Amino acid sequence: VFHSSEVKDVTSVSAIRNGPRLVAKETLYQEMLYDYSYHQTFCRTQAEASHLADLFNRRLGGRHPEWEVHFLPCAVYTVEDHRFKYPGGMAKVLAEPELEGVYTKWNNNGGGVLKAKLSQAPRPTSSLLGIVEEAEEDSGDDDEDLHINDVNPQNAPQAYSHFTYTATQEKSLVCDLQGVWNMKDGFVLTDPVIHHNSKHGKRQNGATDKGLTGIKKF
């Protein structure tokens, strides 16, 4: 992970930053350093998680932004650089906006879950089942009571992970949820894992996709 940004007015000794601060990422696996399928898988996985987050947020009807889940947009930059041993002197750099806030991991891809503090625990009568178990179609009833006013927002990532399992007809589950949270924006996340229940046992979403085994662990 590296700090990066777009620049303009580049000279041999200086450049002016253009746009927001970015974070550049590359695979941890040395043998895949020049294999740009990592970039494609990362962005595709994050886009799929973002689509499911949009469905999850739609259940909230805009009434509880602190519960909403969002994923950062990512892009792949092509950089000309002959100093390094990149094919053709062209490097591909995966980048996304830099997160601001306290970085937290709410669950991982091995079944681990960060539990909310007891002092912030929700009341027993509160429930998120109205979001998780609601049918795919939007009822359009803006007056429906979801009973989440008193629920600890820190439980939302676990509810979202479970929601992705039901929303995909038990074919996939999004986890390894990490990023930042605030009352205004809700959860802004990056680098998720999607376990996909493949009939052929193939890892559809990279090395961290544990398939049905990963789903069962959650």
# chains A, B, ... in the order shown; residues from 1 in each chain; ligands from 1
>>> residues_around(residues="Lys217 of chain A", least_positions_apart="5", cutoff="12 Å", atoms="only C-alpha atoms", output="list in words")
Asn107, Asn108, Asn109, Gly110, Gly111, Gly112, Val113, Leu173, Cys175, His195, Lys210, Gly211 and Leu212 of chain A
>>> write_last_selection(atoms="C-alpha atoms", output="PDB file, in the first residue's frame")
ATOM      1  CA  ASN A 107     -15.095  -9.154  10.161  1.00  0.00           C
ATOM      2  CA  ASN A 108     -12.594 -11.282   8.225  1.00  0.00           C
ATOM      3  CA  ASN A 109     -12.710 -14.067   5.659  1.00  0.00           C
ATOM      4  CA  GLY A 110     -12.246 -16.818   8.252  1.00  0.00           C
ATOM      5  CA  GLY A 111     -15.404 -16.331  10.299  1.00  0.00           C
ATOM      6  CA  GLY A 112     -13.995 -13.779  12.762  1.00  0.00           C
ATOM      7  CA  VAL A 113     -16.369 -10.990  13.837  1.00  0.00           C
ATOM      8  CA  LEU A 173     -21.137 -13.900   0.849  1.00  0.00           C
ATOM      9  CA  CYS A 175     -16.949 -10.356   4.211  1.00  0.00           C
ATOM     10  CA  HIS A 195     -16.773 -16.233  -0.968  1.00  0.00           C
ATOM     11  CA  LYS A 210     -12.697 -19.717   0.206  1.00  0.00           C
ATOM     12  CA  GLY A 211     -15.917 -20.794  -1.462  1.00  0.00           C
ATOM     13  CA  LEU A 212     -18.500 -22.753   0.492  1.00  0.00           C
TER      14      LEU A 212
END
>>> closest_residue(among="A:Arg44, A:Lys8, A:Lys92, A:His51", to="Lys25 of chain A", atoms="only C-alpha atoms")
A:Lys92
>>> closest_residue(among="A:His162, A:Asp9, A:Leu22, A:Ala156", to="Leu60 of chain A", atoms="only C-alpha atoms")
A:Ala156
>>> residues_around(residues="Ala75 of chain A", least_positions_apart="3", cutoff="9 Å", atoms="only C-alpha atoms", output="list in words")
His39, Cys43, Val93, Leu94, Ala95 and Glu96 of chain A
>>> closest_residue(among="A:Glu6, A:Met183, A:Gly19, A:Gly206", to="Thr78 of chain A", atoms="only C-alpha atoms")
A:Glu6
>>> residues_around(residues="Arg17 of chain A", least_positions_apart="3", cutoff="10 Å", atoms="only C-alpha atoms", output="PyMOL selection string")
chain A and resi 4-10+14+20-21
>>> write_last_selection(atoms="N, CA, C and O atoms", output="short mmCIF file (atom, residue, chain, number, x, y, z; two decimals), in the first residue's frame")
data_model
loop_
_atom_site.label_atom_id
_atom_site.label_comp_id
_atom_site.auth_asym_id
_atom_site.auth_seq_id
_atom_site.Cartn_x
_atom_site.Cartn_y
_atom_site.Cartn_z
N SER A 4 -0.41 7.95 -2.99
CA SER A 4 -0.25 8.37 -4.38
C SER A 4 -1.26 9.46 -4.68
O SER A 4 -2.14 9.78 -3.88
N SER A 5 -1.14 10.05 -5.85
CA SER A 5 -2.09 11.07 -6.30
C SER A 5 -1.87 11.35 -7.77
O SER A 5 -0.81 11.04 -8.33
N GLU A 6 -2.86 11.91 -8.40
CA GLU A 6 -2.68 12.40 -9.76
C GLU A 6 -1.91 13.72 -9.67
O GLU A 6 -2.05 14.47 -8.69
N VAL A 7 -1.11 14.01 -10.69
CA VAL A 7 -0.32 15.24 -10.69
C VAL A 7 -0.45 15.95 -12.03
O VAL A 7 -0.84 15.35 -13.04
N LYS A 8 -0.11 17.22 -12.04
CA LYS A 8 -0.09 18.02 -13.26
C LYS A 8 1.11 18.95 -13.21
O LYS A 8 1.79 19.06 -12.19
N ASP A 9 1.38 19.61 -14.32
CA ASP A 9 2.52 20.54 -14.42
C ASP A 9 3.81 19.85 -13.96
O ASP A 9 4.55 20.37 -13.10
N VAL A 10 4.07 18.69 -14.52
CA VAL A 10 5.22 17.90 -14.10
C VAL A 10 6.50 18.43 -14.74
O VAL A 10 6.55 18.68 -15.95
N SER A 14 9.65 18.67 -9.92
CA SER A 14 8.44 18.95 -9.14
C SER A 14 7.18 18.61 -9.92
O SER A 14 7.22 18.35 -11.13
N PRO A 20 -7.92 14.39 -5.24
CA PRO A 20 -7.80 13.87 -3.86
C PRO A 20 -6.59 12.99 -3.68
O PRO A 20 -5.99 12.49 -4.65
N ARG A 21 -6.23 12.78 -2.41
CA ARG A 21 -5.16 11.84 -2.09
C ARG A 21 -5.64 10.42 -2.40
O ARG A 21 -6.78 10.07 -2.09
#
>>> closest_residue(among="A:Glu170, A:Glu100, A:Asp176, A:Asp209", to="Val188 of chain A", atoms="only C-alpha atoms")
A:Glu100
>>> closest_residue(among="A:Leu114, A:Ala24, A:Val69, A:Val1", to="Lys184 of chain A", atoms="only C-alpha atoms")
A:Val69
>>> atom_distance(atom1="atom CA of Asn205 of chain A", atom2="atom CA of Phe42 of chain A")
8.1 Å
